[in-house]
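First up is the structure itself, then whatever we jot down about it.
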Amino acid sequence: MLYLNNRIVSEKKALISVFDHGFLYGDGVYETLRAYKGVVYMLDEHIRRLFRSAAMIDLTIPMTPEAIRKAVYETMTANSQKEAVIRISISRGKGPLGLDPALCPKPTLVIMSSEFKKYPSLYYQKGVKIAVVSIRRNYRGALDPQIKSLNFLNNILAKIEAKKRGAYEAVMLNYKGYLAEGTITNIFFLKDNILFTPSISVGILDGITRKIIIDTAGELGIKVHEGRFRQEALCRAHEVFISNTTIEVMPVAEVDDRKVRTSPGKITKALHEGYKRKVIQYITHSKIS
C-alpha cells in the first residue's frame with residue numbers, strides 16, 4: 001500500500017502519468033526515513049528539510065507538515081509495519097513537455113513504506129570497501145547538493161564506477177578536489193582521536209544522521225573538525241565510517257584497495273552505540289508523549 005496525493009492506494013492503483021515532470025526531468029524532491037518500533041525517527045527534521053528542498057526549487061508542497069506526518073503513519077499502518085524504511089517523494093506533477101514549472105498546476109506526492117531489512121552483520125563486524133571515484137559531486141552553483149533532489153544521475157554514475165571497482169559505496173570529490181560525500185552517505189574519518197568530516201561548505205547535503213553523530217561525538221568528549229580535506233587524508237586515517245538514515249554508522253575496512261588501520265575501530269563503535277542510544281531515547285520519549 002502507498003499514499004498517493006491524498007489517499008492510501010494499492011501498488012496496482014498507484015499510477016502516475018508519464019507526463020509527470022518528476023519522470024520526465026527529475027523535477028522534484030524527496031526524503032528517506034527510518035521507523036523503529038513504530039516510531040519514525042527524526043520525522044519532523046526530515047519534513048523540515050523536505051520543505052526546504054522544495055522551496056529551493058520553487059515547488060509548493062500541497063500538504064502541511066502535520067498532514068504529511070499523519071500520512072506517513074497512515075502508510076505504515078496500512079502496511080502493518082513497525083520497522084520500516086519510508087520515502088516521501090514530491091514531483092512537480094503532470095504537465096505538457098517543457099521545462100517551465102508553470103506547466104504543472106498540481107504536484108504529485110507519494111509516500112512509500114517497506115519493511116526494513118537488516119544490512120548484513122558482516123558489514124558492521126568487518127567493515128565495507130569504499131572507492132574515491134572520478135565522478136565529481138555537483139557544483140553547488142549548478143545544482144546545490146543541499147537540495148535533496150529526484151535528479152540523482154550524478155550519484156548513479158558514481159555508484160556505477162564504484163561497483164565496477166568492487167566497492168560498496170562511492171566517495172565523490174567536489175569540483176576543487178576536496179572530499180565531499182558518498183552517493184547516499186556522509187563520510188567520517190579519525191586520526192589521533194580527532195573525528196574529521198567534510199564541511200557543508202564543500203558542497204554536501206547536511207545529513208540529519210551526520211549532525212547526530214557530530215553531537216554524539218561532542219557528548220563523548222571526541223573533538224570534531226569539519227573542514228576541507230584531500231583524498232590522501234583517508235589513506236592516513238586510523239578509522240573510517242559512513243553514515244545515513246538507514247545504515248546508521250557503518251565502518252569502512254578498505255579505501256581504494258588500501259586497508260584501513262582499524263575496522264571497526266573503538267571510536268566508530270562508540271559513536272554507533274551512542275547513536276543507537278539516541279534512537280532509543282527518541283522512541284521512548286515519542287511513545288510517552
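How things are named: the first chain in the C-alpha cells is A, the next is B, and so on; residues count from 1 in each chain; ligands count from 1 in the order shown.
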
Item checked: Spatial neighbours of Leu220 (chain A), 12 Å, only C-alpha atoms, chain gap at least 4 places, as a count of residues only -> 16

Give me, as a PDB file with N, CA and C atoms, in the first residue's frame, all polymer residues having an atom no more than 12 Å from Ser113 (chain A), counting only C-alpha atoms and skipping those fewer than 6 positions away in the same chain.
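Below is the file result_33.pdb, written as the result:
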```pdb
ATOM      1  N   MET A   1       0.839  -1.197   0.000  1.00  0.00           N
ATOM      2  CA  MET A   1       0.000   0.000   0.000  1.00  0.00           C
ATOM      3  C   MET A   1       0.878   1.252   0.000  1.00  0.00           C
ATOM      4  N   LEU A   2       0.410   2.258  -0.728  1.00  0.00           N
ATOM      5  CA  LEU A   2       1.131   3.517  -0.825  1.00  0.00           C
ATOM      6  C   LEU A   2       0.177   4.681  -0.577  1.00  0.00           C
ATOM      7  N   TYR A   3       0.757   5.817  -0.271  1.00  0.00           N
ATOM      8  CA  TYR A   3      -0.033   7.043  -0.150  1.00  0.00           C
ATOM      9  C   TYR A   3       0.233   7.860  -1.404  1.00  0.00           C
ATOM     10  N   ILE A   8      -4.645   6.477   0.568  1.00  0.00           N
ATOM     11  CA  ILE A   8      -3.936   5.204   0.518  1.00  0.00           C
ATOM     12  C   ILE A   8      -4.469   4.394  -0.654  1.00  0.00           C
ATOM     13  N   GLU A  11      -0.569  -0.899  -4.641  1.00  0.00           N
ATOM     14  CA  GLU A  11       0.511  -0.681  -5.604  1.00  0.00           C
ATOM     15  C   GLU A  11      -0.014  -0.692  -7.037  1.00  0.00           C
ATOM     16  N   GLU A  31      12.649  12.608   0.630  1.00  0.00           N
ATOM     17  CA  GLU A  31      13.313  12.299   1.899  1.00  0.00           C
ATOM     18  C   GLU A  31      13.171  10.801   2.156  1.00  0.00           C
ATOM     19  N   THR A  32      14.198  10.219   2.771  1.00  0.00           N
ATOM     20  CA  THR A  32      14.146   8.831   3.204  1.00  0.00           C
ATOM     21  C   THR A  32      14.213   8.799   4.724  1.00  0.00           C
ATOM     22  N   LEU A  33      13.348   8.014   5.341  1.00  0.00           N
ATOM     23  CA  LEU A  33      13.258   7.965   6.795  1.00  0.00           C
ATOM     24  C   LEU A  33      13.271   6.519   7.271  1.00  0.00           C
ATOM     25  N   ARG A  34      13.548   6.343   8.546  1.00  0.00           N
ATOM     26  CA  ARG A  34      13.529   5.004   9.124  1.00  0.00           C
ATOM     27  C   ARG A  34      12.663   4.984  10.376  1.00  0.00           C
ATOM     28  N   ALA A  35      11.861   3.931  10.487  1.00  0.00           N
ATOM     29  CA  ALA A  35      10.996   3.750  11.656  1.00  0.00           C
ATOM     30  C   ALA A  35      11.521   2.617  12.518  1.00  0.00           C
ATOM     31  N   GLY A  38       7.718   1.238  15.358  1.00  0.00           N
ATOM     32  CA  GLY A  38       6.520   2.011  15.050  1.00  0.00           C
ATOM     33  C   GLY A  38       6.677   3.511  15.154  1.00  0.00           C
ATOM     34  N   VAL A  40       8.730   6.855  13.736  1.00  0.00           N
ATOM     35  CA  VAL A  40       9.585   7.342  12.652  1.00  0.00           C
ATOM     36  C   VAL A  40      10.610   8.298  13.249  1.00  0.00           C
ATOM     37  N   ALA A  71       0.148  11.336   7.274  1.00  0.00           N
ATOM     38  CA  ALA A  71       0.115  10.432   6.115  1.00  0.00           C
ATOM     39  C   ALA A  71       1.217   9.374   6.190  1.00  0.00           C
ATOM     40  N   VAL A  72       2.374   9.752   6.727  1.00  0.00           N
ATOM     41  CA  VAL A  72       3.467   8.785   6.884  1.00  0.00           C
ATOM     42  C   VAL A  72       3.026   7.641   7.791  1.00  0.00           C
ATOM     43  N   TYR A  73       2.410   7.982   8.915  1.00  0.00           N
ATOM     44  CA  TYR A  73       1.970   6.941   9.845  1.00  0.00           C
ATOM     45  C   TYR A  73       0.796   6.147   9.271  1.00  0.00           C
ATOM     46  N   GLU A  74      -0.070   6.795   8.504  1.00  0.00           N
ATOM     47  CA  GLU A  74      -1.173   6.076   7.841  1.00  0.00           C
ATOM     48  C   GLU A  74      -0.622   5.027   6.883  1.00  0.00           C
ATOM     49  N   THR A  75       0.434   5.385   6.179  1.00  0.00           N
ATOM     50  CA  THR A  75       1.043   4.453   5.218  1.00  0.00           C
ATOM     51  C   THR A  75       1.649   3.256   5.929  1.00  0.00           C
ATOM     52  N   MET A  76       2.367   3.508   7.011  1.00  0.00           N
ATOM     53  CA  MET A  76       2.937   2.406   7.789  1.00  0.00           C
ATOM     54  C   MET A  76       1.844   1.500   8.348  1.00  0.00           C
ATOM     55  N   THR A  77       0.778   2.105   8.859  1.00  0.00           N
ATOM     56  CA  THR A  77      -0.332   1.332   9.419  1.00  0.00           C
ATOM     57  C   THR A  77      -0.985   0.473   8.347  1.00  0.00           C
ATOM     58  N   ALA A  78      -1.150   1.048   7.155  1.00  0.00           N
ATOM     59  CA  ALA A  78      -1.770   0.307   6.048  1.00  0.00           C
ATOM     60  C   ALA A  78      -0.943  -0.911   5.665  1.00  0.00           C
ATOM     61  N   ASN A  79       0.362  -0.840   5.913  1.00  0.00           N
ATOM     62  CA  ASN A  79       1.257  -1.949   5.583  1.00  0.00           C
ATOM     63  C   ASN A  79       1.616  -2.803   6.801  1.00  0.00           C
ATOM     64  N   SER A  80       0.990  -2.493   7.945  1.00  0.00           N
ATOM     65  CA  SER A  80       1.226  -3.235   9.196  1.00  0.00           C
ATOM     66  C   SER A  80       2.705  -3.312   9.532  1.00  0.00           C
ATOM     67  N   GLN A  81       3.380  -2.161   9.478  1.00  0.00           N
ATOM     68  CA  GLN A  81       4.821  -2.124   9.674  1.00  0.00           C
ATOM     69  C   GLN A  81       5.215  -1.380  10.950  1.00  0.00           C
ATOM     70  N   LYS A  82       6.219  -1.892  11.621  1.00  0.00           N
ATOM     71  CA  LYS A  82       6.816  -1.248  12.785  1.00  0.00           C
ATOM     72  C   LYS A  82       8.272  -0.863  12.500  1.00  0.00           C
ATOM     73  N   GLU A  83       8.990  -1.759  11.828  1.00  0.00           N
ATOM     74  CA  GLU A  83      10.370  -1.493  11.414  1.00  0.00           C
ATOM     75  C   GLU A  83      10.321  -1.249   9.910  1.00  0.00           C
ATOM     76  N   ALA A  84      10.541   0.005   9.517  1.00  0.00           N
ATOM     77  CA  ALA A  84      10.291   0.328   8.117  1.00  0.00           C
ATOM     78  C   ALA A  84      11.249   1.384   7.584  1.00  0.00           C
ATOM     79  N   VAL A  85      11.370   1.402   6.267  1.00  0.00           N
ATOM     80  CA  VAL A  85      12.036   2.478   5.544  1.00  0.00           C
ATOM     81  C   VAL A  85      10.947   3.212   4.775  1.00  0.00           C
ATOM     82  N   ILE A  86      10.891   4.524   4.949  1.00  0.00           N
ATOM     83  CA  ILE A  86       9.851   5.330   4.331  1.00  0.00           C
ATOM     84  C   ILE A  86      10.480   6.305   3.364  1.00  0.00           C
ATOM     85  N   ARG A  87       9.845   6.497   2.244  1.00  0.00           N
ATOM     86  CA  ARG A  87      10.298   7.519   1.291  1.00  0.00           C
ATOM     87  C   ARG A  87       9.134   8.438   0.957  1.00  0.00           C
ATOM     88  N   ILE A  88       9.371   9.729   1.095  1.00  0.00           N
ATOM     89  CA  ILE A  88       8.412  10.756   0.699  1.00  0.00           C
ATOM     90  C   ILE A  88       8.953  11.410  -0.571  1.00  0.00           C
ATOM     91  N   SER A  89       8.187  11.373  -1.636  1.00  0.00           N
ATOM     92  CA  SER A  89       8.609  11.979  -2.903  1.00  0.00           C
ATOM     93  C   SER A  89       7.568  12.991  -3.353  1.00  0.00           C
TER      94      SER A  89
END
```

*Can you list, as a list in words, every protein, DNA or RNA residue that comes within 8 Å of region 200-212 of chain A when you count only C-alpha atoms, leaving out same-chain residues fewer than 2 positions away?*
Glu45, His46, Arg137, Asn138, Tyr139, Arg140, Asp144, Pro145, Gln146, Ile147, Lys148, Asn174, Tyr178, Leu179, Ala180, Glu181, Asn186, Pro198, Ile214, Asp215, Thr216, Arg228, Ser243, Asn244, Thr245, Glu248 and Tyr275 of chain A

Can you write just those residues out, C-alpha atoms, as a tab-separated table (two decimals), in the first residue's frame?
```
chain	number	residue	atom	x	y	z
A	45	GLU	CA	13.54	17.19	10.97
A	46	HIS	CA	13.12	15.27	7.72
A	137	ARG	CA	29.87	15.95	-6.78
A	138	ASN	CA	27.56	18.50	-8.36
A	139	TYR	CA	28.91	22.03	-8.22
A	140	ARG	CA	26.63	23.92	-5.84
A	144	ASP	CA	23.11	22.67	-4.88
A	145	PRO	CA	23.54	19.35	-3.00
A	146	GLN	CA	21.50	20.94	-0.20
A	147	ILE	CA	18.52	20.19	-2.44
A	148	LYS	CA	17.57	16.55	-1.89
A	174	ASN	CA	33.92	18.31	-5.21
A	178	TYR	CA	38.11	18.10	-1.81
A	179	LEU	CA	36.34	15.14	-0.19
A	180	ALA	CA	32.58	15.63	-0.40
A	181	GLU	CA	30.23	12.71	0.26
A	186	ASN	CA	28.23	11.20	4.60
A	198	PRO	CA	33.80	17.36	5.18
A	214	ILE	CA	28.69	15.12	15.46
A	215	ASP	CA	26.56	15.87	18.51
A	216	THR	CA	27.21	12.39	19.91
A	228	ARG	CA	38.21	20.67	3.56
A	243	SER	CA	26.54	7.18	7.72
A	244	ASN	CA	22.96	7.77	6.69
A	245	THR	CA	19.43	7.27	7.98
A	248	GLU	CA	23.33	4.49	10.82
A	275	TYR	CA	23.64	6.84	18.02
```

Checklist line | Which of region 53-289 of chain A DSSP labels strand (DSSP E or B), written as an MDAnalysis selection string | finding: chainID A and resid 84:91 94 108:115 128:132 149 169:173 179:182 186:191 194:198 223:227 239:244 248:255 258:259

Note to self: Based on the backbone DSSP call, show me all residues of region 72-289 of chain A assigned alpha helix (DSSP H), as a VMD selection string.
What the structure shows: chain A and resid 72 to 78 121 to 126 153 to 164 208 to 219 232 to 235 266 to 288

Write the residues of the preceding selection, restricted to C-alpha atoms, as a tab-separated table (two decimals), in the first residue's frame.
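Final output, selection.tsv:
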```tsv
chain	number	residue	atom	x	y	z
A	72	VAL	CA	3.47	8.78	6.88
A	73	TYR	CA	1.97	6.94	9.85
A	74	GLU	CA	-1.17	6.08	7.84
A	75	THR	CA	1.04	4.45	5.22
A	76	MET	CA	2.94	2.41	7.79
A	77	THR	CA	-0.33	1.33	9.42
A	78	ALA	CA	-1.77	0.31	6.05
A	121	SER	CA	26.03	-8.19	10.11
A	122	LEU	CA	29.42	-8.74	8.47
A	123	TYR	CA	29.32	-5.13	7.21
A	124	TYR	CA	29.38	-3.92	10.81
A	125	GLN	CA	31.71	-6.61	12.11
A	126	LYS	CA	34.37	-6.25	9.40
A	153	LEU	CA	22.13	10.87	-12.10
A	154	ASN	CA	25.30	12.36	-10.59
A	155	ASN	CA	25.12	9.83	-7.75
A	156	ILE	CA	24.15	6.96	-10.03
A	157	LEU	CA	27.20	7.49	-12.24
A	158	ALA	CA	29.37	7.47	-9.13
A	159	LYS	CA	27.71	4.26	-7.93
A	160	ILE	CA	28.30	2.57	-11.30
A	161	GLU	CA	32.01	3.36	-11.11
A	162	ALA	CA	32.25	2.13	-7.52
A	163	LYS	CA	30.55	-1.17	-8.35
A	164	LYS	CA	32.93	-1.75	-11.24
A	208	ILE	CA	20.47	14.54	9.66
A	209	THR	CA	22.38	11.45	10.79
A	210	ARG	CA	25.60	13.38	10.22
A	211	LYS	CA	24.54	16.03	12.72
A	212	ILE	CA	23.50	13.43	15.29
A	213	ILE	CA	26.93	11.78	15.01
A	214	ILE	CA	28.69	15.12	15.46
A	215	ASP	CA	26.56	15.87	18.51
A	216	THR	CA	27.21	12.39	19.91
A	217	ALA	CA	30.94	12.82	19.43
A	218	GLY	CA	30.83	16.06	21.41
A	219	GLU	CA	28.96	14.34	24.23
A	232	GLU	CA	45.05	11.48	0.89
A	233	ALA	CA	43.54	12.17	4.32
A	234	LEU	CA	41.52	8.97	4.06
A	235	CYS	CA	44.67	6.96	3.41
A	266	LYS	CA	36.73	1.70	19.04
A	267	ILE	CA	35.56	5.25	18.33
A	268	THR	CA	33.42	4.09	15.41
A	269	LYS	CA	31.83	1.52	17.72
A	270	ALA	CA	31.32	4.10	20.45
A	271	LEU	CA	29.64	6.50	18.06
A	272	HIS	CA	27.35	3.79	16.72
A	273	GLU	CA	26.39	2.78	20.23
A	274	GLY	CA	25.80	6.43	21.10
A	275	TYR	CA	23.64	6.84	18.02
A	276	LYS	CA	21.56	3.82	19.00
A	277	ARG	CA	21.07	5.26	22.48
A	278	LYS	CA	19.68	8.43	20.94
A	279	VAL	CA	17.27	6.34	18.86
A	280	ILE	CA	16.03	4.56	21.99
A	281	GLN	CA	15.64	7.87	23.85
A	282	TYR	CA	13.69	9.33	20.93
A	283	ILE	CA	11.39	6.32	20.69
A	284	THR	CA	10.77	6.25	24.43
A	285	HIS	CA	10.01	9.98	24.56
A	286	SER	CA	7.72	9.77	21.50
A	287	LYS	CA	5.68	6.94	23.00
A	288	ILE	CA	5.35	8.77	26.32
```

If you count only C-alpha atoms, the residue of A:Val249, A:Leu4, A:Leu143, A:Tyr41 closest to Ser53 (chain A) turns out to be A:Leu143

Exercise. Considering only C-alpha atoms, return as a list in words whatever protein or nucleic-acid residues lie within 10 Å of Pro62 (chain A), sequence-local ones (same chain, fewer than 6 positions apart) excluded.
Key: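 Counting only the stated atoms, we get Asn5, Asn6, Ile68, Ile90, Lys106, Pro107, Thr108 and Leu109 of chain A.
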